[in-house]
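Coordinates as given in structure_8.pdb (PDB, C-alpha atoms, pLDDT in the B column):
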ATOM      1  CA  MET W   1     -17.650 -52.602 -68.134  1.00 88.00           C
ATOM      2  CA  ILE W   2     -21.027 -52.084 -69.732  1.00 91.00           C
ATOM      3  CA  PRO W   3     -20.782 -52.193 -73.548  1.00 91.00           C
ATOM      4  CA  VAL W   4     -21.069 -48.764 -75.170  1.00 91.00           C
ATOM      5  CA  THR W   5     -23.784 -50.131 -77.477  1.00 92.00           C
ATOM      6  CA  ASP W   6     -25.956 -50.931 -74.439  1.00 93.00           C
ATOM      7  CA  ILE W   7     -25.303 -47.474 -72.971  1.00 94.00           C
ATOM      8  CA  ASP W   8     -26.213 -45.793 -76.266  1.00 94.00           C
ATOM      9  CA  ALA W   9     -29.377 -47.886 -76.601  1.00 94.00           C
ATOM     10  CA  ALA W  10     -30.511 -47.112 -73.030  1.00 95.00           C
ATOM     11  CA  THR W  11     -29.766 -43.411 -73.508  1.00 95.00           C
ATOM     12  CA  HIS W  12     -31.686 -43.398 -76.793  1.00 95.00           C
ATOM     13  CA  ILE W  13     -34.718 -45.084 -75.211  1.00 94.00           C
ATOM     14  CA  ILE W  14     -34.839 -42.684 -72.251  1.00 95.00           C
ATOM     15  CA  ASP W  15     -34.187 -39.567 -74.347  1.00 94.00           C
ATOM     16  CA  THR W  16     -36.706 -40.345 -77.096  1.00 93.00           C
ATOM     17  CA  SER W  17     -39.452 -41.669 -74.825  1.00 92.00           C
ATOM     18  CA  GLY W  18     -40.107 -38.285 -73.218  1.00 90.00           C
ATOM     19  CA  VAL W  19     -40.274 -39.910 -69.777  1.00 92.00           C
ATOM     20  CA  VAL W  20     -37.886 -37.388 -68.197  1.00 92.00           C
ATOM     21  CA  GLY W  21     -40.121 -34.475 -69.158  1.00 89.00           C
ATOM     22  CA  LEU W  22     -43.289 -36.339 -68.221  1.00 87.00           C
ATOM     23  CA  LEU W  23     -42.011 -37.316 -64.771  1.00 88.00           C
ATOM     24  CA  GLY W  24     -40.378 -33.934 -64.203  1.00 86.00           C
ATOM     25  CA  ASP W  25     -43.583 -32.052 -64.991  1.00 82.00           C
ATOM     26  CA  ALA W  26     -45.694 -34.415 -62.894  1.00 80.00           C
ATOM     27  CA  MET W  27     -43.361 -34.066 -59.889  1.00 80.00           C
ATOM     28  CA  ARG W  28     -43.504 -30.255 -59.850  1.00 76.00           C
ATOM     29  CA  THR W  29     -45.836 -29.165 -57.104  1.00 69.00           C
ATOM     30  CA  ASP W  30     -45.275 -25.453 -57.657  1.00 68.00           C
ATOM     31  CA  HIS W  31     -44.140 -23.552 -60.741  1.00 68.00           C
ATOM     32  CA  ARG W  32     -42.319 -20.931 -58.672  1.00 72.00           C
ATOM     33  CA  GLY W  33     -38.780 -21.234 -57.453  1.00 65.00           C
ATOM     34  CA  ARG W  34     -35.949 -23.456 -58.564  1.00 68.00           C
ATOM     35  CA  LYS W  35     -36.612 -26.381 -60.887  1.00 71.00           C
ATOM     36  CA  ASP W  36     -35.233 -29.831 -60.166  1.00 75.00           C
ATOM     37  CA  ASP W  37     -32.235 -30.870 -62.244  1.00 81.00           C
ATOM     38  CA  PRO W  38     -33.646 -33.010 -65.089  1.00 88.00           C
ATOM     39  CA  ASN W  39     -30.214 -34.554 -65.698  1.00 92.00           C
ATOM     40  CA  LYS W  40     -30.303 -36.385 -62.354  1.00 93.00           C
ATOM     41  CA  LEU W  41     -33.680 -37.884 -63.240  1.00 94.00           C
ATOM     42  CA  ARG W  42     -32.306 -38.832 -66.668  1.00 95.00           C
ATOM     43  CA  LEU W  43     -29.261 -40.473 -65.037  1.00 95.00           C
ATOM     44  CA  LEU W  44     -31.459 -42.408 -62.615  1.00 96.00           C
ATOM     45  CA  LEU W  45     -33.644 -43.726 -65.440  1.00 96.00           C
ATOM     46  CA  ILE W  46     -30.696 -44.618 -67.693  1.00 96.00           C
ATOM     47  CA  GLY W  47     -28.996 -46.321 -64.749  1.00 96.00           C
ATOM     48  CA  MET W  48     -32.151 -48.251 -63.859  1.00 95.00           C
ATOM     49  CA  LEU W  49     -32.633 -49.439 -67.442  1.00 95.00           C
ATOM     50  CA  LEU W  50     -29.004 -50.570 -67.665  1.00 95.00           C
ATOM     51  CA  CYS W  51     -29.201 -52.261 -64.241  1.00 94.00           C
ATOM     52  CA  ILE W  52     -32.280 -54.238 -65.177  1.00 93.00           C
ATOM     53  CA  HIS W  53     -30.606 -55.296 -68.423  1.00 93.00           C
ATOM     54  CA  GLU W  54     -27.250 -56.181 -66.840  1.00 92.00           C
ATOM     55  CA  HIS W  55     -28.162 -57.344 -63.316  1.00 90.00           C
ATOM     56  CA  GLY W  56     -31.892 -58.068 -63.402  1.00 90.00           C
ATOM     57  CA  ARG W  57     -32.641 -55.573 -60.612  1.00 90.00           C
ATOM     58  CA  ALA W  58     -32.480 -51.833 -60.099  1.00 91.00           C
ATOM     59  CA  THR W  59     -31.995 -50.748 -56.507  1.00 93.00           C
ATOM     60  CA  ILE W  60     -30.557 -47.301 -55.858  1.00 94.00           C
ATOM     61  CA  THR W  61     -27.324 -48.841 -54.555  1.00 94.00           C
ATOM     62  CA  VAL W  62     -26.887 -51.000 -57.668  1.00 94.00           C
ATOM     63  CA  VAL W  63     -27.773 -48.082 -59.971  1.00 95.00           C
ATOM     64  CA  HIS W  64     -25.186 -45.838 -58.275  1.00 96.00           C
ATOM     65  CA  LYS W  65     -22.516 -48.542 -58.442  1.00 96.00           C
ATOM     66  CA  LEU W  66     -23.209 -49.125 -62.137  1.00 96.00           C
ATOM     67  CA  LEU W  67     -23.147 -45.412 -62.972  1.00 96.00           C
ATOM     68  CA  THR W  68     -19.949 -44.679 -61.025  1.00 95.00           C
ATOM     69  CA  THR W  69     -17.884 -47.851 -61.536  1.00 95.00           C
ATOM     70  CA  GLU W  70     -19.230 -49.948 -64.428  1.00 95.00           C
ATOM     71  CA  LEU W  71     -19.387 -47.261 -67.111  1.00 95.00           C
ATOM     72  CA  PRO W  72     -16.246 -46.091 -68.906  1.00 94.00           C
ATOM     73  CA  VAL W  73     -14.942 -42.868 -67.327  1.00 94.00           C
ATOM     74  CA  GLY W  74     -15.371 -40.944 -70.600  1.00 93.00           C
ATOM     75  CA  VAL W  75     -19.031 -41.959 -70.721  1.00 95.00           C
ATOM     76  CA  GLN W  76     -19.447 -40.907 -67.072  1.00 95.00           C
ATOM     77  CA  PHE W  77     -18.260 -37.399 -67.997  1.00 94.00           C
ATOM     78  CA  THR W  78     -20.514 -37.331 -71.081  1.00 94.00           C
ATOM     79  CA  LEU W  79     -23.604 -38.376 -69.109  1.00 95.00           C
ATOM     80  CA  GLY W  80     -22.843 -36.079 -66.170  1.00 93.00           C
ATOM     81  CA  VAL W  81     -22.051 -38.753 -63.577  1.00 95.00           C
ATOM     82  CA  ARG W  82     -18.664 -37.033 -63.195  1.00 94.00           C
ATOM     83  CA  ARG W  83     -17.720 -33.457 -63.983  1.00 91.00           C
ATOM     84  CA  TRP W  84     -14.905 -31.047 -63.368  1.00 90.00           C
ATOM     85  CA  LYS W  85     -15.511 -28.425 -60.723  1.00 87.00           C
ATOM     86  CA  THR W  86     -13.390 -25.463 -59.749  1.00 85.00           C
ATOM     87  CA  ASP W  87     -13.416 -24.013 -56.256  1.00 80.00           C
ATOM     88  CA  THR W  88     -11.026 -22.214 -53.941  1.00 81.00           C
ATOM     89  CA  ASP W  89      -8.896 -25.376 -53.629  1.00 80.00           C
ATOM     90  CA  GLY W  90      -8.452 -25.632 -57.400  1.00 83.00           C
ATOM     91  CA  GLN W  91      -9.923 -28.145 -59.789  1.00 87.00           C
ATOM     92  CA  SER W  92     -11.415 -31.433 -58.693  1.00 88.00           C
ATOM     93  CA  ILE W  93     -13.808 -34.049 -59.995  1.00 90.00           C
ATOM     94  CA  TRP W  94     -17.377 -34.139 -58.727  1.00 88.00           C
ATOM     95  CA  ILE W  95     -18.955 -37.611 -58.690  1.00 92.00           C
ATOM     96  CA  LEU W  96     -22.706 -38.099 -58.398  1.00 93.00           C
ATOM     97  CA  PRO W  97     -23.382 -38.864 -54.725  1.00 94.00           C
ATOM     98  CA  ILE W  98     -25.625 -41.811 -53.893  1.00 95.00           C
ATOM     99  CA  HIS W  99     -27.577 -39.479 -51.597  1.00 95.00           C
ATOM    100  CA  ASP W 100     -28.806 -37.538 -54.647  1.00 94.00           C
ATOM    101  CA  LEU W 101     -30.321 -40.717 -56.102  1.00 94.00           C
ATOM    102  CA  TYR W 102     -31.966 -41.675 -52.794  1.00 94.00           C
ATOM    103  CA  GLU W 103     -33.358 -38.144 -52.473  1.00 92.00           C
ATOM    104  CA  LEU W 104     -34.722 -38.237 -56.029  1.00 92.00           C
ATOM    105  CA  SER W 105     -36.279 -41.653 -55.437  1.00 91.00           C
ATOM    106  CA  ALA W 106     -37.976 -40.396 -52.272  1.00 89.00           C
ATOM    107  CA  LYS W 107     -39.228 -37.309 -54.102  1.00 87.00           C
ATOM    108  CA  ILE W 108     -40.750 -39.465 -56.859  1.00 86.00           C
ATOM    109  CA  THR W 109     -42.427 -41.676 -54.257  1.00 83.00           C
ATOM    110  CA  ASN W 110     -43.746 -38.736 -52.222  1.00 81.00           C
ATOM    111  CA  ARG W 111     -45.064 -36.783 -55.173  1.00 79.00           C
ATOM    112  CA  LEU W 112     -46.299 -39.581 -57.420  1.00 77.00           C
ATOM    113  CA  GLY W 113     -47.007 -42.438 -55.026  1.00 71.00           C
ATOM    114  CA  TYR W 114     -50.429 -43.907 -55.685  1.00 61.00           C
ATOM    115  CA  GLY W 115     -52.517 -46.026 -53.409  1.00 56.00           C
ATOM    116  CA  ASP W 116     -53.894 -46.130 -49.881  1.00 53.00           C
ATOM    117  CA  GLY W 117     -55.621 -42.791 -50.439  1.00 52.00           C
ATOM    118  CA  LYS W 118     -52.270 -41.019 -50.647  1.00 56.00           C
ATOM    119  CA  HIS W 119     -53.420 -38.784 -53.502  1.00 55.00           C
ATOM    120  CA  PRO W 120     -57.211 -39.000 -53.704  1.00 56.00           C
ATOM    121  CA  ASP W 121     -57.364 -36.092 -56.165  1.00 61.00           C
ATOM    122  CA  LEU W 122     -54.937 -37.713 -58.647  1.00 60.00           C
ATOM    123  CA  ASP W 123     -56.589 -38.333 -62.000  1.00 64.00           C
ATOM    124  CA  PRO W 124     -56.610 -42.102 -62.662  1.00 61.00           C
ATOM    125  CA  ASN W 125     -56.403 -41.388 -66.410  1.00 65.00           C
ATOM    126  CA  HIS W 126     -53.135 -39.435 -66.092  1.00 62.00           C
ATOM    127  CA  PRO W 127     -50.436 -41.135 -68.223  1.00 58.00           C
ATOM    128  CA  LEU W 128     -48.290 -41.838 -65.154  1.00 55.00           C
ATOM    129  CA  VAL W 129     -51.167 -43.495 -63.304  1.00 56.00           C
ATOM    130  CA  ALA W 130     -53.022 -45.339 -66.063  1.00 51.00           C
ATOM    131  CA  ALA W 131     -52.257 -49.035 -66.424  1.00 50.00           C
ATOM    132  CA  PRO W 132     -49.959 -50.049 -69.299  1.00 49.00           C
ATOM    133  CA  PRO W 133     -51.580 -51.591 -72.360  1.00 48.00           C
ATOM    134  CA  PRO W 134     -52.435 -55.254 -71.739  1.00 50.00           C
ATOM    135  CA  ASP W 135     -50.217 -56.543 -74.561  1.00 50.00           C
ATOM    136  CA  HIS W 136     -46.988 -54.957 -73.286  1.00 47.00           C
ATOM    137  CA  GLY W 137     -45.539 -52.584 -70.743  1.00 47.00           C
ATOM    138  CA  PHE W 138     -42.407 -51.600 -72.626  1.00 52.00           C
ATOM    139  CA  VAL W 139     -41.396 -48.629 -74.725  1.00 57.00           C
ATOM    140  CA  MET W 140     -41.973 -49.469 -78.354  1.00 61.00           C
ATOM    141  CA  LEU W 141     -39.609 -48.145 -80.993  1.00 66.00           C
ATOM    142  CA  THR W 142     -40.928 -46.957 -84.332  1.00 72.00           C
ATOM    143  CA  GLU W 143     -39.687 -48.813 -87.392  1.00 76.00           C
ATOM    144  CA  GLU W 144     -37.426 -45.871 -88.227  1.00 79.00           C
ATOM    145  CA  GLU W 145     -35.892 -45.833 -84.725  1.00 75.00           C
ATOM    146  CA  TYR W 146     -35.345 -49.596 -84.807  1.00 71.00           C
ATOM    147  CA  ALA W 147     -33.768 -49.432 -88.284  1.00 75.00           C
ATOM    148  CA  HIS W 148     -31.489 -46.597 -87.130  1.00 75.00           C
ATOM    149  CA  LEU W 149     -30.317 -48.572 -84.069  1.00 71.00           C
ATOM    150  CA  ALA W 150     -29.924 -51.796 -86.066  1.00 71.00           C
ATOM    151  CA  GLU W 151     -27.840 -50.004 -88.675  1.00 73.00           C
ATOM    152  CA  ARG W 152     -25.754 -48.228 -86.042  1.00 70.00           C
ATOM    153  CA  TYR W 153     -24.846 -51.439 -84.216  1.00 65.00           C
ATOM    154  CA  GLN W 154     -24.560 -53.757 -87.188  1.00 62.00           C
ATOM    155  CA  THR W 155     -21.360 -55.808 -87.107  1.00 52.00           C
ATOM    156  CA  ASP W 156     -19.622 -57.691 -89.871  1.00 47.00           C
ATOM    157  CA  ALA W 157     -20.161 -61.412 -89.489  1.00 43.00           C
ATOM    158  CA  ALA W 158     -17.369 -62.315 -91.903  1.00 36.00           C
TER     159      ALA W 158
END

How would this structure read if it were set down as structure tokens?
Amino acid sequence: MIPVTDIDAATHIIDTSGVVGLLGDAMRTDHRGRKDDPNKLRLLLIGMLLCIHEHGRATITVVHKLLTTELPVGVQFTLGVRRWKTDTDGQSIWILPIHDLYELSAKITNRLGYGDGKHPDLDPNHPLVAAPPPDHGFVMLTEEEYAHLAERYQTDAA
């Protein structure tokens, strides 16, 4: 099982970074019709962050396995990996299908893929295209965010 502190930290990083909104807005090709479910994108990103931390890699298969088997069941319900559904057969539990993650990954690649002239009109200064700063490529926490997390996960050494 993945420690709850790691799950909370990954969730905090994804939720406060704004990456779900940034990617979601960038992936929209048309503002008419049904919007994509931002929770699936959030789950994919949280799962990828946890996979890299726990396993050193983040393939869709490994992300799905982590989300559906390595997280406590209560956390799976909280995050939306599992949920109750009611239909004509009664109540059952819906579990995030791996197909949804593959489909989302393909959509990200198709809509935001860069290179080989795939999107010649894409602005190279767009935040999703621009190179990360040379000193780091990671999300940086503010001092307040770091202090909050450090205080939240502080353990007694005695």

Would you mind telling me which residue in W:Leu50, W:Asp37, W:Gly113, W:Gly24 lies nearest to Ala10 in chain W when using all atoms listed in the file?
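Distance minimum relative to Ala10 in chain W lands on W:Leu50.
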
Using Å and a single decimal, report how far CA of Asp15 in chain W sits from CA of Arg42 in chain W.
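Straight-line distance from CA of Arg42 in chain W to CA of Asp15 in chain W works out to 7.9 Å.
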
Given the point (-29.9, -51.1, -63.7) in the file's coordinates, find the residues that have an atom at most 9 Å from it, counting only C-alpha atoms, and give them as number ranges by chain.
W: 44-60, 62-64, 66-67

Can you tell me how far CA of Val4 in chain W sits from CA of Phe77 in chain W, in Å to one decimal?
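Computing it gives 13.7 Å between the two atoms.
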
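Selection check: the PyMOL selection byres ((chain W and resi 97) around 10) on the shown file gives His64, Thr68, Val81, Arg82, Trp94, Ile95, Leu96, Ile98, His99, Asp100, Leu101 and Tyr102 of chain W.
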
Using all atoms listed in the file, the shortest atom-to-atom distance to Pro72 in chain W among W:Ile14, W:Leu112, W:Ile2, W:Leu23 belongs to W:Ile2

Could you tell me how far CA of Leu43 in chain W sits from CA of Thr78 in chain W, in Å to one decimal place?
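CA of Leu43 in chain W lies 11.1 Å from CA of Thr78 in chain W.
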
Top pick for closest residue to Ser105 in chain W, considering W:Gly90, W:Met27, W:Arg152, W:Thr69 and counting all atoms listed in the file
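Of W:Gly90, W:Met27, W:Arg152, W:Thr69, the one nearest Ser105 in chain W, counting all atoms listed in the file, is W:Met27.
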
Atom completion result for range 24-59 of chain W (N, CA and C atoms) as an mmCIF file, in the coordinates of the input:
data_model
loop_
_atom_site.group_PDB
_atom_site.id
_atom_site.type_symbol
_atom_site.label_atom_id
_atom_site.label_comp_id
_atom_site.auth_asym_id
_atom_site.auth_seq_id
_atom_site.Cartn_x
_atom_site.Cartn_y
_atom_site.Cartn_z
ATOM 1 N N GLY W 24 -40.779 -35.229 -64.765
ATOM 2 C CA GLY W 24 -40.378 -33.934 -64.203
ATOM 3 C C GLY W 24 -41.557 -32.999 -64.050
ATOM 4 N N ASP W 25 -42.405 -32.918 -65.066
ATOM 5 C CA ASP W 25 -43.583 -32.052 -64.991
ATOM 6 C C ASP W 25 -44.562 -32.547 -63.939
ATOM 7 N N ALA W 26 -44.746 -33.855 -63.856
ATOM 8 C CA ALA W 26 -45.694 -34.415 -62.894
ATOM 9 C C ALA W 26 -45.216 -34.236 -61.453
ATOM 10 N N MET W 27 -43.908 -34.192 -61.247
ATOM 11 C CA MET W 27 -43.361 -34.066 -59.889
ATOM 12 C C MET W 27 -43.372 -32.631 -59.385
ATOM 13 N N ARG W 28 -43.511 -31.662 -60.282
ATOM 14 C CA ARG W 28 -43.504 -30.255 -59.850
ATOM 15 C C ARG W 28 -44.791 -29.946 -59.111
ATOM 16 N N THR W 29 -44.661 -29.522 -57.892
ATOM 17 C CA THR W 29 -45.836 -29.165 -57.104
ATOM 18 C C THR W 29 -46.117 -27.675 -57.190
ATOM 19 N N ASP W 30 -45.129 -26.898 -57.584
ATOM 20 C CA ASP W 30 -45.275 -25.453 -57.657
ATOM 21 C C ASP W 30 -44.403 -24.961 -58.802
ATOM 22 N N HIS W 31 -44.911 -24.047 -59.602
ATOM 23 C CA HIS W 31 -44.140 -23.552 -60.741
ATOM 24 C C HIS W 31 -43.296 -22.332 -60.400
ATOM 25 N N ARG W 32 -43.201 -22.012 -59.117
ATOM 26 C CA ARG W 32 -42.319 -20.931 -58.672
ATOM 27 C C ARG W 32 -41.033 -21.552 -58.152
ATOM 28 N N GLY W 33 -40.022 -20.758 -58.059
ATOM 29 C CA GLY W 33 -38.780 -21.234 -57.453
ATOM 30 C C GLY W 33 -37.925 -22.061 -58.393
ATOM 31 N N ARG W 34 -36.947 -22.707 -57.810
ATOM 32 C CA ARG W 34 -35.949 -23.456 -58.564
ATOM 33 C C ARG W 34 -36.521 -24.786 -59.067
ATOM 34 N N LYS W 35 -36.199 -25.106 -60.312
ATOM 35 C CA LYS W 35 -36.612 -26.381 -60.887
ATOM 36 C C LYS W 35 -35.629 -27.465 -60.467
ATOM 37 N N ASP W 36 -36.123 -28.696 -60.412
ATOM 38 C CA ASP W 36 -35.233 -29.831 -60.166
ATOM 39 C C ASP W 36 -34.344 -30.038 -61.387
ATOM 40 N N ASP W 37 -33.172 -30.601 -61.170
ATOM 41 C CA ASP W 37 -32.235 -30.870 -62.244
ATOM 42 C C ASP W 37 -32.722 -32.077 -63.048
ATOM 43 N N PRO W 38 -33.145 -31.882 -64.311
ATOM 44 C CA PRO W 38 -33.646 -33.010 -65.089
ATOM 45 C C PRO W 38 -32.556 -34.031 -65.419
ATOM 46 N N ASN W 39 -31.289 -33.619 -65.384
ATOM 47 C CA ASN W 39 -30.214 -34.554 -65.698
ATOM 48 C C ASN W 39 -30.100 -35.655 -64.649
ATOM 49 N N LYS W 40 -30.365 -35.341 -63.389
ATOM 50 C CA LYS W 40 -30.303 -36.385 -62.354
ATOM 51 C C LYS W 40 -31.406 -37.418 -62.564
ATOM 52 N N LEU W 41 -32.589 -36.958 -62.941
ATOM 53 C CA LEU W 41 -33.680 -37.884 -63.240
ATOM 54 C C LEU W 41 -33.321 -38.733 -64.458
ATOM 55 N N ARG W 42 -32.749 -38.110 -65.466
ATOM 56 C CA ARG W 42 -32.306 -38.832 -66.668
ATOM 57 C C ARG W 42 -31.262 -39.889 -66.305
ATOM 58 N N LEU W 43 -30.286 -39.519 -65.466
ATOM 59 C CA LEU W 43 -29.261 -40.473 -65.037
ATOM 60 C C LEU W 43 -29.870 -41.645 -64.271
ATOM 61 N N LEU W 44 -30.806 -41.344 -63.376
ATOM 62 C CA LEU W 44 -31.459 -42.408 -62.615
ATOM 63 C C LEU W 44 -32.164 -43.382 -63.549
ATOM 64 N N LEU W 45 -32.895 -42.861 -64.524
ATOM 65 C CA LEU W 45 -33.644 -43.726 -65.440
ATOM 66 C C LEU W 45 -32.719 -44.527 -66.356
ATOM 67 N N ILE W 46 -31.671 -43.894 -66.866
ATOM 68 C CA ILE W 46 -30.696 -44.618 -67.693
ATOM 69 C C ILE W 46 -30.024 -45.700 -66.853
ATOM 70 N N GLY W 47 -29.627 -45.345 -65.636
ATOM 71 C CA GLY W 47 -28.996 -46.321 -64.749
ATOM 72 C C GLY W 47 -29.921 -47.477 -64.416
ATOM 73 N N MET W 48 -31.198 -47.191 -64.176
ATOM 74 C CA MET W 48 -32.151 -48.251 -63.859
ATOM 75 C C MET W 48 -32.340 -49.186 -65.048
ATOM 76 N N LEU W 49 -32.458 -48.619 -66.238
ATOM 77 C CA LEU W 49 -32.633 -49.439 -67.442
ATOM 78 C C LEU W 49 -31.416 -50.336 -67.660
ATOM 79 N N LEU W 50 -30.226 -49.775 -67.511
ATOM 80 C CA LEU W 50 -29.004 -50.570 -67.665
ATOM 81 C C LEU W 50 -28.892 -51.636 -66.574
ATOM 82 N N CYS W 51 -29.259 -51.297 -65.348
ATOM 83 C CA CYS W 51 -29.201 -52.261 -64.241
ATOM 84 C C CYS W 51 -30.134 -53.437 -64.481
ATOM 85 N N ILE W 52 -31.340 -53.150 -64.912
ATOM 86 C CA ILE W 52 -32.280 -54.238 -65.177
ATOM 87 C C ILE W 52 -31.744 -55.132 -66.287
ATOM 88 N N HIS W 53 -31.166 -54.518 -67.311
ATOM 89 C CA HIS W 53 -30.606 -55.296 -68.423
ATOM 90 C C HIS W 53 -29.386 -56.117 -67.985
ATOM 91 N N GLU W 54 -28.505 -55.520 -67.218
ATOM 92 C CA GLU W 54 -27.250 -56.181 -66.840
ATOM 93 C C GLU W 54 -27.364 -57.079 -65.613
ATOM 94 N N HIS W 55 -28.138 -56.642 -64.607
ATOM 95 C CA HIS W 55 -28.162 -57.344 -63.316
ATOM 96 C C HIS W 55 -29.521 -57.925 -62.947
ATOM 97 N N GLY W 56 -30.564 -57.553 -63.690
ATOM 98 C CA GLY W 56 -31.892 -58.068 -63.402
ATOM 99 C C GLY W 56 -32.600 -57.371 -62.245
ATOM 100 N N ARG W 57 -32.011 -56.341 -61.693
ATOM 101 C CA ARG W 57 -32.641 -55.573 -60.612
ATOM 102 C C ARG W 57 -32.117 -54.145 -60.658
ATOM 103 N N ALA W 58 -32.860 -53.248 -60.020
ATOM 104 C CA ALA W 58 -32.480 -51.833 -60.099
ATOM 105 C C ALA W 58 -32.711 -51.131 -58.771
ATOM 106 N N THR W 59 -31.945 -51.490 -57.763
ATOM 107 C CA THR W 59 -31.995 -50.748 -56.507
ATOM 108 C C THR W 59 -31.122 -49.503 -56.651
#
